[in-house]
$ cat entry.pdb   # PDB, C-alpha atoms
ATOM      1  CA  MET V   1      25.325 120.996  20.840  1.00  0.00           C
ATOM      2  CA  PHE V   2      22.690 121.751  23.468  1.00  0.00           C
ATOM      3  CA  ILE V   3      22.996 119.923  26.794  1.00  0.00           C
ATOM      4  CA  GLN V   4      19.958 119.858  29.046  1.00  0.00           C
ATOM      5  CA  THR V   5      20.175 119.409  32.791  1.00  0.00           C
ATOM      6  CA  GLU V   6      17.625 117.839  35.078  1.00  0.00           C
ATOM      7  CA  GLN V   7      17.435 117.811  38.825  1.00  0.00           C
ATOM      8  CA  THR V   8      17.277 114.430  40.527  1.00  0.00           C
ATOM      9  CA  PRO V   9      15.731 113.467  43.866  1.00  0.00           C
ATOM     10  CA  ASN V  10      19.288 113.620  45.242  1.00  0.00           C
ATOM     11  CA  PRO V  11      20.239 117.302  45.728  1.00  0.00           C
ATOM     12  CA  ALA V  12      23.949 116.438  45.424  1.00  0.00           C
ATOM     13  CA  THR V  13      23.425 114.939  41.961  1.00  0.00           C
ATOM     14  CA  LEU V  14      22.511 116.495  38.635  1.00  0.00           C
ATOM     15  CA  LYS V  15      21.633 114.742  35.369  1.00  0.00           C
ATOM     16  CA  PHE V  16      23.136 116.042  32.102  1.00  0.00           C
ATOM     17  CA  LEU V  17      21.474 115.086  28.802  1.00  0.00           C
ATOM     18  CA  PRO V  18      23.741 115.782  25.813  1.00  0.00           C
ATOM     19  CA  GLY V  19      21.019 114.966  23.271  1.00  0.00           C
ATOM     20  CA  ARG V  20      22.877 111.932  21.942  1.00  0.00           C
ATOM     21  CA  ASP V  21      23.892 108.461  23.073  1.00  0.00           C
ATOM     22  CA  VAL V  22      26.379 108.375  25.903  1.00  0.00           C
ATOM     23  CA  LEU V  23      26.732 104.597  26.232  1.00  0.00           C
ATOM     24  CA  GLY V  24      23.798 103.533  24.077  1.00  0.00           C
ATOM     25  CA  ARG V  25      23.257 100.475  26.265  1.00  0.00           C
ATOM     26  CA  GLY V  26      24.103  99.708  29.839  1.00  0.00           C
ATOM     27  CA  THR V  27      25.638 101.890  32.514  1.00  0.00           C
ATOM     28  CA  ALA V  28      29.051 102.646  33.996  1.00  0.00           C
ATOM     29  CA  ASP V  29      29.478 103.869  37.563  1.00  0.00           C
ATOM     30  CA  PHE V  30      32.539 105.758  38.759  1.00  0.00           C
ATOM     31  CA  PRO V  31      31.884 106.620  42.427  1.00  0.00           C
ATOM     32  CA  SER V  32      35.422 107.983  42.777  1.00  0.00           C
ATOM     33  CA  ARG V  33      38.340 109.202  40.688  1.00  0.00           C
ATOM     34  CA  ASP V  34      40.264 105.968  41.406  1.00  0.00           C
ATOM     35  CA  GLY V  35      38.138 103.759  39.166  1.00  0.00           C
ATOM     36  CA  ALA V  36      37.721 106.200  36.270  1.00  0.00           C
ATOM     37  CA  ALA V  37      40.612 104.899  34.145  1.00  0.00           C
ATOM     38  CA  ALA V  38      38.168 103.035  31.880  1.00  0.00           C
ATOM     39  CA  SER V  39      36.470 106.290  30.816  1.00  0.00           C
ATOM     40  CA  PRO V  40      38.227 109.300  29.298  1.00  0.00           C
ATOM     41  CA  LEU V  41      35.042 111.322  29.878  1.00  0.00           C
ATOM     42  CA  ALA V  42      34.868 110.405  33.574  1.00  0.00           C
ATOM     43  CA  GLN V  43      38.578 111.182  33.975  1.00  0.00           C
ATOM     44  CA  ARG V  44      38.081 114.668  32.535  1.00  0.00           C
ATOM     45  CA  LEU V  45      35.031 115.310  34.730  1.00  0.00           C
ATOM     46  CA  PHE V  46      36.948 114.281  37.858  1.00  0.00           C
ATOM     47  CA  GLU V  47      39.514 116.991  37.043  1.00  0.00           C
ATOM     48  CA  ILE V  48      36.830 119.540  37.984  1.00  0.00           C
ATOM     49  CA  ASP V  49      37.182 120.514  41.636  1.00  0.00           C
ATOM     50  CA  GLY V  50      34.058 119.367  43.453  1.00  0.00           C
ATOM     51  CA  VAL V  51      33.084 116.403  41.234  1.00  0.00           C
ATOM     52  CA  GLN V  52      32.815 113.356  43.497  1.00  0.00           C
ATOM     53  CA  GLY V  53      31.050 110.828  41.284  1.00  0.00           C
ATOM     54  CA  VAL V  54      30.310 110.192  37.607  1.00  0.00           C
ATOM     55  CA  PHE V  55      27.609 107.837  36.373  1.00  0.00           C
ATOM     56  CA  LEU V  56      27.137 107.153  32.664  1.00  0.00           C
ATOM     57  CA  GLY V  57      23.803 105.952  31.311  1.00  0.00           C
ATOM     58  CA  ALA V  58      22.419 105.204  27.873  1.00  0.00           C
ATOM     59  CA  ASP V  59      21.824 108.871  27.024  1.00  0.00           C
ATOM     60  CA  PHE V  60      22.845 110.800  30.131  1.00  0.00           C
ATOM     61  CA  VAL V  61      25.712 111.671  32.466  1.00  0.00           C
ATOM     62  CA  THR V  62      24.972 112.016  36.172  1.00  0.00           C
ATOM     63  CA  ILE V  63      27.385 114.016  38.303  1.00  0.00           C
ATOM     64  CA  THR V  64      27.565 113.916  42.093  1.00  0.00           C
ATOM     65  CA  LYS V  65      29.141 116.974  43.704  1.00  0.00           C
ATOM     66  CA  ALA V  66      30.916 117.549  46.986  1.00  0.00           C
ATOM     67  CA  GLY V  67      28.649 118.896  49.711  1.00  0.00           C
ATOM     68  CA  ASP V  68      30.527 122.176  50.013  1.00  0.00           C
ATOM     69  CA  LYS V  69      30.250 123.038  46.285  1.00  0.00           C
ATOM     70  CA  GLU V  70      27.422 124.861  44.517  1.00  0.00           C
ATOM     71  CA  TRP V  71      25.863 123.780  41.236  1.00  0.00           C
ATOM     72  CA  PHE V  72      25.883 127.287  39.777  1.00  0.00           C
ATOM     73  CA  LEU V  73      29.693 127.248  40.056  1.00  0.00           C
ATOM     74  CA  LEU V  74      30.187 123.650  38.826  1.00  0.00           C
ATOM     75  CA  LYS V  75      27.711 123.507  35.938  1.00  0.00           C
ATOM     76  CA  PRO V  76      29.633 125.678  33.435  1.00  0.00           C
ATOM     77  CA  SER V  77      32.789 123.554  33.781  1.00  0.00           C
ATOM     78  CA  ILE V  78      30.860 120.278  33.581  1.00  0.00           C
ATOM     79  CA  LEU V  79      28.913 121.449  30.522  1.00  0.00           C
ATOM     80  CA  GLY V  80      32.165 122.537  28.866  1.00  0.00           C
ATOM     81  CA  VAL V  81      33.861 119.180  29.432  1.00  0.00           C
ATOM     82  CA  ILE V  82      30.859 117.189  28.178  1.00  0.00           C
ATOM     83  CA  MET V  83      30.417 119.411  25.116  1.00  0.00           C
ATOM     84  CA  GLU V  84      34.108 119.349  24.211  1.00  0.00           C
ATOM     85  CA  HIS V  85      34.288 115.569  24.688  1.00  0.00           C
ATOM     86  CA  PHE V  86      31.375 114.785  22.383  1.00  0.00           C
ATOM     87  CA  THR V  87      32.224 117.488  19.820  1.00  0.00           C
ATOM     88  CA  ALA V  88      35.704 115.961  19.475  1.00  0.00           C
ATOM     89  CA  ASN V  89      34.107 112.483  19.089  1.00  0.00           C
ATOM     90  CA  ARG V  90      36.247 111.025  21.850  1.00  0.00           C
ATOM     91  CA  PRO V  91      35.335 107.584  23.235  1.00  0.00           C
ATOM     92  CA  VAL V  92      33.246 107.487  26.391  1.00  0.00           C
ATOM     93  CA  LEU V  93      34.739 104.143  27.472  1.00  0.00           C
ATOM     94  CA  LEU V  94      38.076 102.628  26.487  1.00  0.00           C
ATOM     95  CA  GLU V  95      36.658  99.108  26.650  1.00  0.00           C
ATOM     96  CA  GLU V  96      33.318  97.448  27.207  1.00  0.00           C
ATOM     97  CA  ALA V  97      32.950  98.362  30.865  1.00  0.00           C
ATOM     98  CA  ALA V  98      29.214  99.006  30.746  1.00  0.00           C
ATOM     99  CA  GLY V  99      26.680  96.734  32.395  1.00  0.00           C
ATOM    100  CA  ASP V 100      23.758  95.761  30.153  1.00  0.00           C
ATOM    101  CA  GLY V 101      21.428  94.750  32.896  1.00  0.00           C
ATOM    102  CA  HIS V 102      20.853  91.531  34.681  1.00  0.00           C
ATOM    103  CA  ALA V 103      21.590  88.850  32.125  1.00  0.00           C
ATOM    104  CA  ALA V 104      20.060  85.544  33.066  1.00  0.00           C
ATOM    105  CA  SER V 105      22.575  82.926  34.033  1.00  0.00           C
ATOM    106  CA  ALA V 106      22.216  79.186  33.671  1.00  0.00           C
ATOM    107  CA  ASP V 107      22.757  79.005  37.441  1.00  0.00           C
ATOM    108  CA  ASP V 108      19.727  81.216  38.180  1.00  0.00           C
ATOM    109  CA  ASP V 109      16.681  79.506  39.572  1.00  0.00           C
ATOM    110  CA  GLU V 110      13.188  80.531  38.480  1.00  0.00           C
ATOM    111  CA  ILE V 111      12.732  83.087  41.282  1.00  0.00           C
ATOM    112  CA  VAL V 112      16.029  84.867  40.538  1.00  0.00           C
ATOM    113  CA  THR V 113      15.168  84.947  36.827  1.00  0.00           C
ATOM    114  CA  GLN V 114      11.790  86.543  37.658  1.00  0.00           C
ATOM    115  CA  ILE V 115      13.424  89.100  39.975  1.00  0.00           C
ATOM    116  CA  LYS V 116      15.980  90.097  37.315  1.00  0.00           C
ATOM    117  CA  GLU V 117      13.289  90.421  34.652  1.00  0.00           C
ATOM    118  CA  LEU V 118      11.109  92.645  36.862  1.00  0.00           C
ATOM    119  CA  LEU V 119      14.107  94.802  37.749  1.00  0.00           C
ATOM    120  CA  ASP V 120      15.101  95.181  34.087  1.00  0.00           C
ATOM    121  CA  THR V 121      11.620  95.862  32.723  1.00  0.00           C
ATOM    122  CA  ARG V 122       9.944  97.852  35.499  1.00  0.00           C
ATOM    123  CA  VAL V 123      12.537  99.252  37.908  1.00  0.00           C
ATOM    124  CA  ARG V 124      15.662 100.143  35.920  1.00  0.00           C
ATOM    125  CA  PRO V 125      13.833 102.372  33.389  1.00  0.00           C
ATOM    126  CA  ALA V 126      12.196 104.342  36.210  1.00  0.00           C
ATOM    127  CA  VAL V 127      15.440 104.661  38.161  1.00  0.00           C
ATOM    128  CA  ALA V 128      17.237 105.794  34.974  1.00  0.00           C
ATOM    129  CA  GLN V 129      14.724 108.645  34.697  1.00  0.00           C
ATOM    130  CA  ASP V 130      16.196 109.936  37.963  1.00  0.00           C
ATOM    131  CA  GLY V 131      19.781 109.567  36.712  1.00  0.00           C
ATOM    132  CA  GLY V 132      20.647 106.283  38.379  1.00  0.00           C
ATOM    133  CA  ASP V 133      20.622 102.525  38.119  1.00  0.00           C
ATOM    134  CA  ILE V 134      20.092  99.494  40.298  1.00  0.00           C
ATOM    135  CA  THR V 135      22.096  96.276  40.380  1.00  0.00           C
ATOM    136  CA  PHE V 136      20.946  92.858  41.553  1.00  0.00           C
ATOM    137  CA  TYR V 137      23.408  91.248  43.980  1.00  0.00           C
ATOM    138  CA  GLY V 138      21.568  88.201  45.193  1.00  0.00           C
ATOM    139  CA  PHE V 139      18.550  86.491  46.642  1.00  0.00           C
ATOM    140  CA  GLU V 140      18.851  84.543  49.866  1.00  0.00           C
ATOM    141  CA  GLU V 141      16.197  83.320  52.299  1.00  0.00           C
ATOM    142  CA  GLY V 142      13.548  85.663  50.907  1.00  0.00           C
ATOM    143  CA  VAL V 143      15.797  88.740  50.887  1.00  0.00           C
ATOM    144  CA  VAL V 144      16.723  90.502  47.631  1.00  0.00           C
ATOM    145  CA  TYR V 145      20.045  92.392  47.769  1.00  0.00           C
ATOM    146  CA  LEU V 146      20.345  95.440  45.494  1.00  0.00           C
ATOM    147  CA  GLU V 147      22.794  98.287  44.993  1.00  0.00           C
ATOM    148  CA  MET V 148      21.654 101.782  44.025  1.00  0.00           C
ATOM    149  CA  LYS V 149      24.011 103.671  41.684  1.00  0.00           C
ATOM    150  CA  GLY V 150      24.347 107.143  40.204  1.00  0.00           C
ATOM    151  CA  ALA V 151      21.867 109.697  41.489  1.00  0.00           C
ATOM    152  CA  CYS V 152      20.169 106.993  43.543  1.00  0.00           C
ATOM    153  CA  SER V 153      23.272 106.216  45.586  1.00  0.00           C
ATOM    154  CA  GLY V 154      23.113 108.292  48.735  1.00  0.00           C
ATOM    155  CA  CYS V 155      19.812 109.860  47.748  1.00  0.00           C
ATOM    156  CA  PRO V 156      17.622 110.770  50.720  1.00  0.00           C
ATOM    157  CA  SER V 157      14.672 108.966  49.111  1.00  0.00           C
ATOM    158  CA  SER V 158      16.561 105.790  48.125  1.00  0.00           C
ATOM    159  CA  THR V 159      15.386 103.900  51.222  1.00  0.00           C
ATOM    160  CA  ALA V 160      11.784 104.781  50.413  1.00  0.00           C
ATOM    161  CA  THR V 161      12.351 103.705  46.793  1.00  0.00           C
ATOM    162  CA  LEU V 162      13.739 100.357  47.932  1.00  0.00           C
ATOM    163  CA  LYS V 163      11.120  99.674  50.583  1.00  0.00           C
ATOM    164  CA  ALA V 164       7.897 101.291  49.376  1.00  0.00           C
ATOM    165  CA  GLY V 165       8.524 100.889  45.663  1.00  0.00           C
ATOM    166  CA  ILE V 166      10.722  97.973  44.722  1.00  0.00           C
ATOM    167  CA  GLU V 167      10.044  95.744  47.721  1.00  0.00           C
ATOM    168  CA  ASN V 168       6.262  96.101  47.401  1.00  0.00           C
ATOM    169  CA  MET V 169       6.355  95.384  43.666  1.00  0.00           C
ATOM    170  CA  LEU V 170       8.598  92.321  44.015  1.00  0.00           C
ATOM    171  CA  ARG V 171       6.510  90.953  46.902  1.00  0.00           C
ATOM    172  CA  HIS V 172       3.351  91.429  44.827  1.00  0.00           C
ATOM    173  CA  TYR V 173       4.648  89.452  41.828  1.00  0.00           C
ATOM    174  CA  ILE V 174       6.939  86.993  43.651  1.00  0.00           C
ATOM    175  CA  PRO V 175       5.525  85.758  46.975  1.00  0.00           C
ATOM    176  CA  GLU V 176       8.893  84.224  47.933  1.00  0.00           C
ATOM    177  CA  VAL V 177      10.351  87.741  48.299  1.00  0.00           C
ATOM    178  CA  VAL V 178       9.907  88.998  51.860  1.00  0.00           C
ATOM    179  CA  GLU V 179      12.347  91.924  51.944  1.00  0.00           C
ATOM    180  CA  VAL V 180      14.671  94.105  49.856  1.00  0.00           C
ATOM    181  CA  ARG V 181      17.963  95.363  51.300  1.00  0.00           C
ATOM    182  CA  ALA V 182      20.596  97.759  50.000  1.00  0.00           C
ATOM    183  CA  VAL V 183      24.097  96.294  49.645  1.00  0.00           C
ATOM    184  CA  ARG V 184      25.885  99.615  50.292  1.00  0.00           C
TER     185      ARG V 184
END

$ encode --input "entry.pdb" --output "structure tokens"
Amino acid sequence: MFIQTEQTPNPATLKFLPGRDVLGRGTADFPSRDGAAASPLAQRLFEIDGVQGVFLGADFVTITKAGDKEWFLLKPSILGVIMEHFTANRPVLLEEAAGDGHAASADDDEIVTQIKELLDTRVRPAVAQDGGDITFYGFEEGVVYLEMKGACSGCPSSTATLKAGIENMLRHYIPEVVEVRAVR
């Protein structure tokens, strides 16, 4: 098994590509060890000193490290855990804890449905390329509320992504959108 790594715009986060499906569909975010019980893979990765966050995507694992740790020291352990996990054919999640996107709800009005569709078709694939994801939280009085996850959470360029990228695109296609704000 050959696992590739890719840098992300967030220097504290690295993307690991095991060359096979991780979740297949959806994402799972474990920003701390406390919530990792749903994923045997995330639990094992959190056992590595310096791992602060684990984000699972369709075909990648994104790891966020502690600020005082160096990638050249962490990478061998992370690669070993990922390789051993997939070679042993262990489950990535114990239950369906992955989010498939922004499923339309019967309660959604036309604007919210349009926002979710644009996020799913234009934004999420691009954000996934950087090892992250984005979640829709709401739309109120012209403001779209989103949460950045994985490599995008805490990334120095996440504000620019939200404002210059996502906000401009949503405002272009949906005139009712006046602003985009991060939830956390």

$ atom_distance --input "entry.pdb" --atom1 "atom CA of V:Phe16" --atom2 "atom CA of V:Thr121"
23.2 Å

$ residues_around --input "entry.pdb" --residues "V:Glu167" --least-positions-apart "2" --cutoff "10 Å" --atoms "only C-alpha atoms" --output "ChimeraX atom specification"
/V:143-144,160-165,169-172,177-181

$ resolve_selection --input "entry.pdb" --expression "the PyMOL selection byres ((chain V and resi 92) around 9)" --output "MDAnalysis selection string"
chainID V and resid 22:23 38:42 56 85:86 89:91 93:94

$ resolve_selection --input "entry.pdb" --expression "the PyMOL selection byres ((chain V and resi 71) around 10)" --output "mmCIF file with C-alpha atoms, in the frame of the given file"
data_model
loop_
_atom_site.group_PDB
_atom_site.id
_atom_site.type_symbol
_atom_site.label_atom_id
_atom_site.label_comp_id
_atom_site.auth_asym_id
_atom_site.auth_seq_id
_atom_site.Cartn_x
_atom_site.Cartn_y
_atom_site.Cartn_z
ATOM 1 C CA PRO V 11 20.239 117.302 45.728
ATOM 2 C CA ALA V 12 23.949 116.438 45.424
ATOM 3 C CA THR V 13 23.425 114.939 41.961
ATOM 4 C CA LEU V 14 22.511 116.495 38.635
ATOM 5 C CA GLY V 50 34.058 119.367 43.453
ATOM 6 C CA LYS V 65 29.141 116.974 43.704
ATOM 7 C CA ALA V 66 30.916 117.549 46.986
ATOM 8 C CA LYS V 69 30.250 123.038 46.285
ATOM 9 C CA GLU V 70 27.422 124.861 44.517
ATOM 10 C CA PHE V 72 25.883 127.287 39.777
ATOM 11 C CA LEU V 73 29.693 127.248 40.056
ATOM 12 C CA LEU V 74 30.187 123.650 38.826
ATOM 13 C CA LYS V 75 27.711 123.507 35.938
ATOM 14 C CA PRO V 76 29.633 125.678 33.435
ATOM 15 C CA ILE V 78 30.860 120.278 33.581
#

$ resolve_selection --input "entry.pdb" --expression "the PyMOL selection byres ((chain V and resi 46) around 12)" --output "short mmCIF file (atom, residue, chain, number, x, y, z; two decimals) with C-alpha atoms, keeping the file's coordinate frame"
data_model
loop_
_atom_site.label_atom_id
_atom_site.label_comp_id
_atom_site.auth_asym_id
_atom_site.auth_seq_id
_atom_site.Cartn_x
_atom_site.Cartn_y
_atom_site.Cartn_z
CA PHE V 30 32.54 105.76 38.76
CA PRO V 31 31.88 106.62 42.43
CA SER V 32 35.42 107.98 42.78
CA ARG V 33 38.34 109.20 40.69
CA ASP V 34 40.26 105.97 41.41
CA GLY V 35 38.14 103.76 39.17
CA ALA V 36 37.72 106.20 36.27
CA ALA V 37 40.61 104.90 34.15
CA SER V 39 36.47 106.29 30.82
CA PRO V 40 38.23 109.30 29.30
CA LEU V 41 35.04 111.32 29.88
CA ALA V 42 34.87 110.40 33.57
CA GLN V 43 38.58 111.18 33.98
CA ARG V 44 38.08 114.67 32.53
CA LEU V 45 35.03 115.31 34.73
CA GLU V 47 39.51 116.99 37.04
CA ILE V 48 36.83 119.54 37.98
CA ASP V 49 37.18 120.51 41.64
CA GLY V 50 34.06 119.37 43.45
CA VAL V 51 33.08 116.40 41.23
CA GLN V 52 32.82 113.36 43.50
CA GLY V 53 31.05 110.83 41.28
CA VAL V 54 30.31 110.19 37.61
CA PHE V 55 27.61 107.84 36.37
CA ILE V 63 27.38 114.02 38.30
CA THR V 64 27.56 113.92 42.09
CA LYS V 65 29.14 116.97 43.70
CA ALA V 66 30.92 117.55 46.99
CA LEU V 74 30.19 123.65 38.83
CA SER V 77 32.79 123.55 33.78
CA ILE V 78 30.86 120.28 33.58
CA VAL V 81 33.86 119.18 29.43
CA ILE V 82 30.86 117.19 28.18
#

$ atom_distance --input "entry.pdb" --atom1 "atom CA of V:Tyr137" --atom2 "atom CA of V:Val112"
10.3 Å

$ atom_distance --input "entry.pdb" --atom1 "atom CA of V:Thr62" --atom2 "atom CA of V:Glu84"
16.7 Å

$ residues_near_point --input "entry.pdb" --point "(20.0, 110.3, 35.2)" --cutoff "6 Å" --atoms "all atoms listed in the file" --output "list in words"
Lys15, Phe60, Thr62, Ala128, Gln129, Asp130, Gly131 and Gly132 of chain V

$ closest_residue --input "entry.pdb" --among "V:Asp109, V:Asp21, V:Asp120, V:Glu140" --to "V:Ile166" --atoms "all atoms listed in the file"
V:Asp120

$ axis_aligned_box --input "entry.pdb" --around "stretch 121-129 of chain V" --padding-each-side "6 Å" --output "AutoDock Vina command-line options"
--center_x 13.6 --center_y 102.3 --center_z 35.4 --size_x 19.3 --size_y 24.8 --size_z 17.4

$ closest_residue --input "entry.pdb" --among "V:Phe2, V:Glu141, V:Gly80, V:Val127" --to "V:Thr27" --atoms "all atoms listed in the file"
V:Val127

$ closest_residue --input "entry.pdb" --among "V:Arg25, V:Pro9, V:Leu79, V:Lys116" --to "V:Phe139" --atoms "only C-alpha atoms"
V:Lys116

$ closest_residue --input "entry.pdb" --among "V:Ile3, V:Ile111, V:Met148, V:Ala182" --to "V:Thr87" --atoms "all atoms listed in the file"
V:Ile3
